[in-house]
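Heads up, the thing below is written out as structure tokens.
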Amino acid sequence: QATHTAFATQQPKVPTARQMHTSATLFSLVALLPLGAASGVAWELSAGAAAAAVMLAVSSVRIISTGEEALVERLGRFERRLHPGLSFVIPGIERVSIYASIREQVLDVPPQPCITSDNAPLSADAVVFFRIKDLARARYAVDDFRACVTNLVLTQLRSEIGQLTLDQTFAARERLNQKLLEEANAVAAGWGIDVTRIEVRDIHPSPEIVSSMEMQMAAERKKRAAILQSEGEKAALINAAEGRREATVLGARGEQERLQMEARGLADSLDRIAASLEGG
């Protein structure tokens, strides 16, 4: 009975060559036991072998969800891809090296200090949208593709902003996004990554630059107000002068008409006097 208990507690989960040799030894020992004891030990050995086979089969099953992909290595070397659905691997020989989503993903690029071409300090961050086109390259061509994409965009962001003035960084946002996208894809394609979109999210000048911009805007507003005031005063003077001129013209015209009427009246009077003298 003690021998039977020891055999029952030492059943292996996965049969190996050594365990198979042990099983053969046990069967040879079972042959020396009485018929009843031998049949009990043989049944427990067969049950243990069946359980080990079930565990072996279960451990070989891999289920991949839609929108995901996995890579299988055999003895440390890339062997094949696992696509969505049910797949199997060989336990002990093959292993799944990576599970990854092949859907579009988003990556936040943290704020990065930058210097514009006119020496204005600012910080800028971005959002990167990408998807994995070739998981094998993303796994084996680069150590950490997320960190590589992040640092690549950070470097390009600093370089592109360094070629623009402070005013251009606010006005040329769309051109900056397109330039970053082209340069990122030129490098990330070798990593099996397709960068679909890059958006520069926030551009924050330094507090000193913000204060200077506010002062400049205040001065510009005062300038526009002064110009508008002077233009208003000019228009008022012009209107007043035109009013005086029109008044003078109208006055002179009225005086002329008065004199003409007086002259005609005087002429009529003289004509009548002359006519009366001739008649008398």
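Naming scheme: A, B, ... for chains in displayed order of the structure tokens; residues 1 onward per chain; ligands 1 onward as shown.
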
*Where in stretch 121-270 of chain A does DSSP assign alpha helix (DSSP H), given as a PyMOL selection string?*
chain A and resi 135-140+145-161+166-171+173-188+207-270

Tell me, as a tab-separated table (two decimals) with C-alpha atoms, in the first residue's frame, which residues lie within 7 Å of A:Ala184, counting only C-alpha atoms; anything in the same chain fewer than 6 positions away does not count.
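Okay, this is what ended up in result_2.tsv:
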```
chain	number	residue	atom	x	y	z
A	152	LEU	CA	11.56	59.73	-33.59
A	153	VAL	CA	8.62	62.17	-33.57
A	195	VAL	CA	2.14	56.15	-39.24
```

*Quick one: everything within 10 Å of A:Pro121, counting only C-alpha atoms, minus sequence neighbours fewer than 6 positions away in the same chain. Send it as an MDAnalysis selection string.*
chainID A and resid 113:115 162 166 204:209

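What separates atom CA of A:Gln168 from atom CA of A:Asp202 is a distance of 14.2 Å.
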
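The nearest approach to A:Ile93 among the residues A:Ala47, A:Val72, A:Leu107, A:Ala188, with only C-alpha atoms taken into account, belongs to A:Val72.
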
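Remark: for A:Gly76, the closest of the candidate residues A:Val187, A:Ser60, A:Gly243, A:Arg95 is A:Arg95 (distances computed over only C-alpha atoms).
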
_Spatial neighbours of A:Ile193, max dist 10 Å, only C-alpha atoms, sep filter under 5 positions, as a PyMOL selection string_ = chain A and resi 102+130-135+137-138+145-146+149+184-185+187-188

N, CA, C and O atoms of the current selection, written as a PDB file, in the first residue's frame:
```
ATOM      1  N   ILE A 102      -3.231  44.827 -34.304  1.00  0.00           N
ATOM      2  CA  ILE A 102      -2.911  45.385 -35.615  1.00  0.00           C
ATOM      3  C   ILE A 102      -3.921  46.460 -36.001  1.00  0.00           C
ATOM      4  O   ILE A 102      -3.944  46.926 -37.142  1.00  0.00           O
ATOM      5  N   PHE A 130      -0.977  55.351 -35.442  1.00  0.00           N
ATOM      6  CA  PHE A 130      -0.217  54.386 -36.234  1.00  0.00           C
ATOM      7  C   PHE A 130      -0.876  53.012 -36.145  1.00  0.00           C
ATOM      8  O   PHE A 130      -1.725  52.750 -35.294  1.00  0.00           O
ATOM      9  N   ARG A 131      -0.445  52.129 -37.038  1.00  0.00           N
ATOM     10  CA  ARG A 131      -0.851  50.723 -36.984  1.00  0.00           C
ATOM     11  C   ARG A 131       0.334  49.844 -37.388  1.00  0.00           C
ATOM     12  O   ARG A 131       1.231  50.293 -38.106  1.00  0.00           O
ATOM     13  N   ILE A 132       0.313  48.624 -36.905  1.00  0.00           N
ATOM     14  CA  ILE A 132       1.384  47.673 -37.209  1.00  0.00           C
ATOM     15  C   ILE A 132       1.050  46.980 -38.528  1.00  0.00           C
ATOM     16  O   ILE A 132       0.028  46.301 -38.644  1.00  0.00           O
ATOM     17  N   LYS A 133       1.912  47.157 -39.529  1.00  0.00           N
ATOM     18  CA  LYS A 133       1.720  46.486 -40.819  1.00  0.00           C
ATOM     19  C   LYS A 133       2.430  45.142 -40.857  1.00  0.00           C
ATOM     20  O   LYS A 133       1.944  44.201 -41.470  1.00  0.00           O
ATOM     21  N   ASP A 134       3.599  45.054 -40.233  1.00  0.00           N
ATOM     22  CA  ASP A 134       4.384  43.819 -40.232  1.00  0.00           C
ATOM     23  C   ASP A 134       4.844  43.569 -38.797  1.00  0.00           C
ATOM     24  O   ASP A 134       5.788  44.193 -38.316  1.00  0.00           O
ATOM     25  N   LEU A 135       4.130  42.657 -38.108  1.00  0.00           N
ATOM     26  CA  LEU A 135       4.439  42.410 -36.702  1.00  0.00           C
ATOM     27  C   LEU A 135       5.824  41.801 -36.527  1.00  0.00           C
ATOM     28  O   LEU A 135       6.496  42.049 -35.522  1.00  0.00           O
ATOM     29  N   ARG A 137       8.576  42.474 -38.217  1.00  0.00           N
ATOM     30  CA  ARG A 137       9.551  43.563 -38.196  1.00  0.00           C
ATOM     31  C   ARG A 137       9.442  44.374 -36.914  1.00  0.00           C
ATOM     32  O   ARG A 137      10.456  44.778 -36.338  1.00  0.00           O
ATOM     33  N   ALA A 138       8.207  44.643 -36.485  1.00  0.00           N
ATOM     34  CA  ALA A 138       8.030  45.420 -35.256  1.00  0.00           C
ATOM     35  C   ALA A 138       8.627  44.685 -34.055  1.00  0.00           C
ATOM     36  O   ALA A 138       9.052  45.318 -33.087  1.00  0.00           O
ATOM     37  N   PHE A 145       9.168  49.288 -30.331  1.00  0.00           N
ATOM     38  CA  PHE A 145       8.716  50.155 -31.414  1.00  0.00           C
ATOM     39  C   PHE A 145       7.970  51.379 -30.892  1.00  0.00           C
ATOM     40  O   PHE A 145       8.030  52.451 -31.509  1.00  0.00           O
ATOM     41  N   ARG A 146       7.264  51.278 -29.770  1.00  0.00           N
ATOM     42  CA  ARG A 146       6.577  52.448 -29.229  1.00  0.00           C
ATOM     43  C   ARG A 146       7.572  53.525 -28.797  1.00  0.00           C
ATOM     44  O   ARG A 146       7.399  54.712 -29.096  1.00  0.00           O
ATOM     45  N   VAL A 149       9.149  55.106 -31.969  1.00  0.00           N
ATOM     46  CA  VAL A 149       8.275  56.057 -32.662  1.00  0.00           C
ATOM     47  C   VAL A 149       8.173  57.355 -31.869  1.00  0.00           C
ATOM     48  O   VAL A 149       8.219  58.455 -32.437  1.00  0.00           O
ATOM     49  N   ALA A 184       8.385  60.703 -40.594  1.00  0.00           N
ATOM     50  CA  ALA A 184       8.199  59.566 -39.691  1.00  0.00           C
ATOM     51  C   ALA A 184       7.987  58.273 -40.478  1.00  0.00           C
ATOM     52  O   ALA A 184       8.554  57.224 -40.142  1.00  0.00           O
ATOM     53  N   ASN A 185       7.202  58.313 -41.538  1.00  0.00           N
ATOM     54  CA  ASN A 185       6.955  57.114 -42.332  1.00  0.00           C
ATOM     55  C   ASN A 185       8.203  56.647 -43.064  1.00  0.00           C
ATOM     56  O   ASN A 185       8.380  55.442 -43.307  1.00  0.00           O
ATOM     57  N   VAL A 187      11.104  56.497 -41.944  1.00  0.00           N
ATOM     58  CA  VAL A 187      11.917  55.685 -41.028  1.00  0.00           C
ATOM     59  C   VAL A 187      11.125  54.504 -40.475  1.00  0.00           C
ATOM     60  O   VAL A 187      11.614  53.375 -40.423  1.00  0.00           O
ATOM     61  N   ALA A 188       9.874  54.730 -40.060  1.00  0.00           N
ATOM     62  CA  ALA A 188       9.086  53.694 -39.392  1.00  0.00           C
ATOM     63  C   ALA A 188       8.700  52.562 -40.322  1.00  0.00           C
ATOM     64  O   ALA A 188       8.359  51.469 -39.854  1.00  0.00           O
TER      65      ALA A 188
END
```

*Near A:Lys179, within 12 Å and counting only C-alpha atoms, which residues show up once chain neighbours fewer than 4 positions away are dropped, as number ranges by chain?*
A: 153, 156-157, 159-161, 163, 172-175, 183-186, 197-200

Could you dump the residues just selected with N, CA and C atoms as a PDB file, in the first residue's frame?
```
ATOM      1  N   VAL A 153       9.483  60.994 -33.381  1.00  0.00           N
ATOM      2  CA  VAL A 153       8.625  62.172 -33.565  1.00  0.00           C
ATOM      3  C   VAL A 153       9.134  63.348 -32.737  1.00  0.00           C
ATOM      4  N   GLN A 156      12.067  64.864 -34.645  1.00  0.00           N
ATOM      5  CA  GLN A 156      11.610  65.576 -35.837  1.00  0.00           C
ATOM      6  C   GLN A 156      10.860  66.852 -35.475  1.00  0.00           C
ATOM      7  N   LEU A 157      10.102  66.809 -34.388  1.00  0.00           N
ATOM      8  CA  LEU A 157       9.353  67.988 -33.963  1.00  0.00           C
ATOM      9  C   LEU A 157      10.309  69.129 -33.611  1.00  0.00           C
ATOM     10  N   SER A 159      13.356  69.508 -34.693  1.00  0.00           N
ATOM     11  CA  SER A 159      14.055  69.937 -35.902  1.00  0.00           C
ATOM     12  C   SER A 159      13.184  70.839 -36.767  1.00  0.00           C
ATOM     13  N   GLU A 160      11.919  70.465 -36.951  1.00  0.00           N
ATOM     14  CA  GLU A 160      11.035  71.255 -37.817  1.00  0.00           C
ATOM     15  C   GLU A 160      10.697  72.609 -37.192  1.00  0.00           C
ATOM     16  N   ILE A 161      10.451  72.649 -35.890  1.00  0.00           N
ATOM     17  CA  ILE A 161      10.153  73.928 -35.249  1.00  0.00           C
ATOM     18  C   ILE A 161      11.379  74.832 -35.271  1.00  0.00           C
ATOM     19  N   GLN A 163      13.246  75.334 -37.645  1.00  0.00           N
ATOM     20  CA  GLN A 163      13.343  75.972 -38.952  1.00  0.00           C
ATOM     21  C   GLN A 163      12.262  77.031 -39.169  1.00  0.00           C
ATOM     22  N   ALA A 172       1.569  77.859 -39.555  1.00  0.00           N
ATOM     23  CA  ALA A 172       1.865  76.754 -40.463  1.00  0.00           C
ATOM     24  C   ALA A 172       1.675  75.410 -39.786  1.00  0.00           C
ATOM     25  N   ARG A 173       0.637  75.274 -38.976  1.00  0.00           N
ATOM     26  CA  ARG A 173       0.420  74.022 -38.237  1.00  0.00           C
ATOM     27  C   ARG A 173       0.158  72.843 -39.189  1.00  0.00           C
ATOM     28  N   GLU A 174      -0.640  73.062 -40.230  1.00  0.00           N
ATOM     29  CA  GLU A 174      -0.979  71.977 -41.155  1.00  0.00           C
ATOM     30  C   GLU A 174       0.256  71.519 -41.933  1.00  0.00           C
ATOM     31  N   ARG A 175       1.064  72.456 -42.383  1.00  0.00           N
ATOM     32  CA  ARG A 175       2.293  72.087 -43.109  1.00  0.00           C
ATOM     33  C   ARG A 175       3.272  71.356 -42.194  1.00  0.00           C
ATOM     34  N   GLU A 183       8.306  62.398 -42.825  1.00  0.00           N
ATOM     35  CA  GLU A 183       9.607  61.994 -42.285  1.00  0.00           C
ATOM     36  C   GLU A 183       9.472  60.784 -41.358  1.00  0.00           C
ATOM     37  N   ALA A 184       8.385  60.703 -40.594  1.00  0.00           N
ATOM     38  CA  ALA A 184       8.199  59.566 -39.691  1.00  0.00           C
ATOM     39  C   ALA A 184       7.987  58.273 -40.478  1.00  0.00           C
ATOM     40  N   ASN A 185       7.202  58.313 -41.538  1.00  0.00           N
ATOM     41  CA  ASN A 185       6.955  57.114 -42.332  1.00  0.00           C
ATOM     42  C   ASN A 185       8.203  56.647 -43.064  1.00  0.00           C
ATOM     43  N   ALA A 186       9.056  57.581 -43.440  1.00  0.00           N
ATOM     44  CA  ALA A 186      10.281  57.199 -44.133  1.00  0.00           C
ATOM     45  C   ALA A 186      11.165  56.308 -43.262  1.00  0.00           C
ATOM     46  N   ARG A 197      -1.202  59.359 -39.102  1.00  0.00           N
ATOM     47  CA  ARG A 197      -1.446  60.784 -38.885  1.00  0.00           C
ATOM     48  C   ARG A 197      -0.644  61.274 -37.687  1.00  0.00           C
ATOM     49  N   ILE A 198      -0.136  62.503 -37.793  1.00  0.00           N
ATOM     50  CA  ILE A 198       0.547  63.171 -36.690  1.00  0.00           C
ATOM     51  C   ILE A 198      -0.080  64.550 -36.535  1.00  0.00           C
ATOM     52  N   GLU A 199      -0.503  64.854 -35.336  1.00  0.00           N
ATOM     53  CA  GLU A 199      -1.121  66.149 -35.052  1.00  0.00           C
ATOM     54  C   GLU A 199      -0.342  66.850 -33.942  1.00  0.00           C
ATOM     55  N   VAL A 200       0.210  68.016 -34.263  1.00  0.00           N
ATOM     56  CA  VAL A 200       0.825  68.855 -33.224  1.00  0.00           C
ATOM     57  C   VAL A 200      -0.307  69.433 -32.388  1.00  0.00           C
TER      58      VAL A 200
END
```

*Run DSSP on the backbone of this structure and report the residues of stretch 163-220 of chain A it assigns to strand (DSSP E), as an MDAnalysis selection string.*
chainID A and resid 193:205

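Taking atom CA of A:Glu69 and atom CA of A:Ile98 as endpoints, the distance between them is 8.3 Å.
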
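Neighbouring residues of A:Ala136 at 12 Å or closer, counting only C-alpha atoms and skipping chain neighbours under 6 positions away, are Glu69, Ala70, Leu71, Val72, Glu73, Arg77, Phe78, Glu79, Arg80, Arg81, Leu82, Ser97, Ile98, Tyr99, Ala100, Ile102, Val142, Asp143, Phe145, Gly190, Trp191, Gly192 and Ile193 of chain A.
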
*asked:* Just want the 12 Å neighbourhood of A:Arg158, counted on only C-alpha atoms, with same-chain residues fewer than 6 positions away dropped. Output as a PyMOL selection string.
replied: chain A and resi 111-117+121-126+151-152+164+169+176+180+200+203

Write to file, as a compact mmCIF listing (two decimals), in the first residue's frame, the residues of the selection just made, with all heavy atoms.
```
# COMPACT_ATOMS: atom_id res chain seq x y z
N PRO A 111 5.30 66.78 -23.95
CA PRO A 111 5.81 68.12 -24.31
C PRO A 111 7.32 68.12 -24.42
O PRO A 111 8.03 67.52 -23.61
CB PRO A 111 5.32 69.00 -23.16
CG PRO A 111 4.12 68.29 -22.62
CD PRO A 111 4.41 66.82 -22.77
N GLN A 112 7.78 68.81 -25.45
CA GLN A 112 9.21 68.84 -25.76
C GLN A 112 9.68 70.28 -25.87
O GLN A 112 9.09 71.08 -26.59
CB GLN A 112 9.46 68.10 -27.08
CG GLN A 112 10.89 68.09 -27.54
CD GLN A 112 11.75 67.14 -26.73
OE1 GLN A 112 11.24 66.42 -25.89
NE2 GLN A 112 13.05 67.14 -26.98
N PRO A 113 10.75 70.68 -25.14
CA PRO A 113 11.28 72.06 -25.30
C PRO A 113 11.89 72.25 -26.67
O PRO A 113 12.66 71.41 -27.15
CB PRO A 113 12.32 72.16 -24.18
CG PRO A 113 12.71 70.75 -23.88
CD PRO A 113 11.50 69.91 -24.14
N CYS A 114 11.56 73.36 -27.33
CA CYS A 114 12.04 73.65 -28.68
C CYS A 114 12.49 75.11 -28.74
O CYS A 114 12.10 75.93 -27.93
CB CYS A 114 10.95 73.40 -29.73
SG CYS A 114 10.19 71.75 -29.66
N ILE A 115 13.31 75.42 -29.75
CA ILE A 115 13.78 76.77 -30.01
C ILE A 115 13.48 77.09 -31.47
O ILE A 115 13.86 76.35 -32.38
CB ILE A 115 15.29 76.92 -29.75
CG1 ILE A 115 15.63 76.55 -28.30
CG2 ILE A 115 15.75 78.34 -30.05
CD1 ILE A 115 15.10 77.51 -27.28
N THR A 116 12.77 78.19 -31.73
CA THR A 116 12.45 78.59 -33.09
C THR A 116 13.66 79.24 -33.75
O THR A 116 14.68 79.49 -33.10
CB THR A 116 11.26 79.56 -33.10
OG1 THR A 116 11.62 80.73 -32.37
CG2 THR A 116 10.04 78.93 -32.44
N SER A 117 13.54 79.50 -35.06
CA SER A 117 14.65 80.11 -35.79
C SER A 117 14.96 81.52 -35.32
O SER A 117 16.08 82.01 -35.52
CB SER A 117 14.35 80.11 -37.29
OG SER A 117 13.18 80.86 -37.57
N PRO A 121 11.99 80.46 -27.17
CA PRO A 121 11.78 79.15 -26.53
C PRO A 121 10.29 78.84 -26.38
O PRO A 121 9.49 79.73 -26.06
CB PRO A 121 12.46 79.32 -25.17
CG PRO A 121 12.37 80.78 -24.88
CD PRO A 121 12.44 81.49 -26.21
N LEU A 122 9.95 77.57 -26.62
CA LEU A 122 8.58 77.13 -26.45
C LEU A 122 8.58 75.62 -26.21
O LEU A 122 9.60 74.95 -26.35
CB LEU A 122 7.72 77.49 -27.67
CG LEU A 122 8.21 77.06 -29.06
CD1 LEU A 122 7.82 75.63 -29.40
CD2 LEU A 122 7.65 77.98 -30.13
N SER A 123 7.41 75.08 -25.84
CA SER A 123 7.24 73.64 -25.68
C SER A 123 6.11 73.19 -26.58
O SER A 123 5.11 73.90 -26.74
CB SER A 123 6.95 73.27 -24.22
OG SER A 123 5.69 73.80 -23.82
N ALA A 124 6.27 72.00 -27.18
CA ALA A 124 5.27 71.48 -28.11
C ALA A 124 5.10 69.99 -27.87
O ALA A 124 6.05 69.28 -27.54
CB ALA A 124 5.69 71.75 -29.55
N ASP A 125 3.86 69.51 -28.01
CA ASP A 125 3.59 68.07 -27.93
C ASP A 125 2.74 67.67 -29.12
O ASP A 125 2.26 68.52 -29.89
CB ASP A 125 2.92 67.70 -26.61
CG ASP A 125 1.59 68.42 -26.43
OD1 ASP A 125 1.23 69.23 -27.29
OD2 ASP A 125 0.90 68.16 -25.43
N ALA A 126 2.57 66.36 -29.29
CA ALA A 126 1.88 65.87 -30.47
C ALA A 126 1.16 64.57 -30.14
O ALA A 126 1.39 63.94 -29.09
CB ALA A 126 2.86 65.65 -31.62
N ASN A 151 10.36 58.72 -29.72
CA ASN A 151 11.59 59.49 -29.81
C ASN A 151 11.85 60.01 -31.21
O ASN A 151 12.41 61.10 -31.39
CB ASN A 151 12.78 58.64 -29.34
CG ASN A 151 12.81 58.47 -27.84
OD1 ASN A 151 13.28 59.33 -27.11
ND2 ASN A 151 12.31 57.35 -27.36
N LEU A 152 11.42 59.26 -32.22
CA LEU A 152 11.56 59.73 -33.59
C LEU A 152 10.73 61.00 -33.82
O LEU A 152 11.23 61.99 -34.38
CB LEU A 152 11.11 58.63 -34.55
CG LEU A 152 11.06 59.00 -36.04
CD1 LEU A 152 12.46 59.32 -36.54
CD2 LEU A 152 10.44 57.86 -36.85
N LEU A 164 11.39 77.23 -38.20
CA LEU A 164 10.30 78.19 -38.32
C LEU A 164 10.47 79.32 -37.32
O LEU A 164 11.12 79.15 -36.28
CB LEU A 164 8.94 77.50 -38.07
CG LEU A 164 8.59 76.30 -38.97
CD1 LEU A 164 7.29 75.67 -38.49
CD2 LEU A 164 8.47 76.73 -40.41
N THR A 169 5.11 79.11 -36.48
CA THR A 169 4.70 77.90 -35.76
C THR A 169 3.20 77.88 -35.49
O THR A 169 2.58 76.81 -35.42
CB THR A 169 5.45 77.77 -34.42
OG1 THR A 169 5.20 78.95 -33.63
CG2 THR A 169 6.93 77.61 -34.65
N LEU A 176 3.33 71.74 -40.93
CA LEU A 176 4.20 71.07 -39.97
C LEU A 176 3.74 69.63 -39.74
O LEU A 176 4.57 68.71 -39.70
CB LEU A 176 4.19 71.85 -38.65
CG LEU A 176 5.05 71.31 -37.51
CD1 LEU A 176 6.50 71.25 -37.92
CD2 LEU A 176 4.88 72.17 -36.26
N LEU A 180 6.05 66.27 -40.66
CA LEU A 180 6.36 65.25 -39.65
C LEU A 180 5.89 63.87 -40.09
O LEU A 180 6.58 62.87 -39.87
CB LEU A 180 5.70 65.63 -38.32
CG LEU A 180 6.27 66.85 -37.58
CD1 LEU A 180 5.40 67.17 -36.37
CD2 LEU A 180 7.70 66.60 -37.16
N VAL A 200 0.21 68.02 -34.26
CA VAL A 200 0.82 68.85 -33.22
C VAL A 200 -0.31 69.43 -32.39
O VAL A 200 -1.14 70.20 -32.89
CB VAL A 200 1.68 69.97 -33.84
CG1 VAL A 200 2.25 70.86 -32.75
CG2 VAL A 200 2.80 69.37 -34.68
N ILE A 203 1.17 74.18 -28.62
CA ILE A 203 2.43 74.92 -28.70
C ILE A 203 2.35 76.03 -27.65
O ILE A 203 1.50 76.92 -27.75
CB ILE A 203 2.67 75.51 -30.10
CG1 ILE A 203 2.82 74.38 -31.12
CG2 ILE A 203 3.90 76.40 -30.11
CD1 ILE A 203 3.01 74.87 -32.54
```
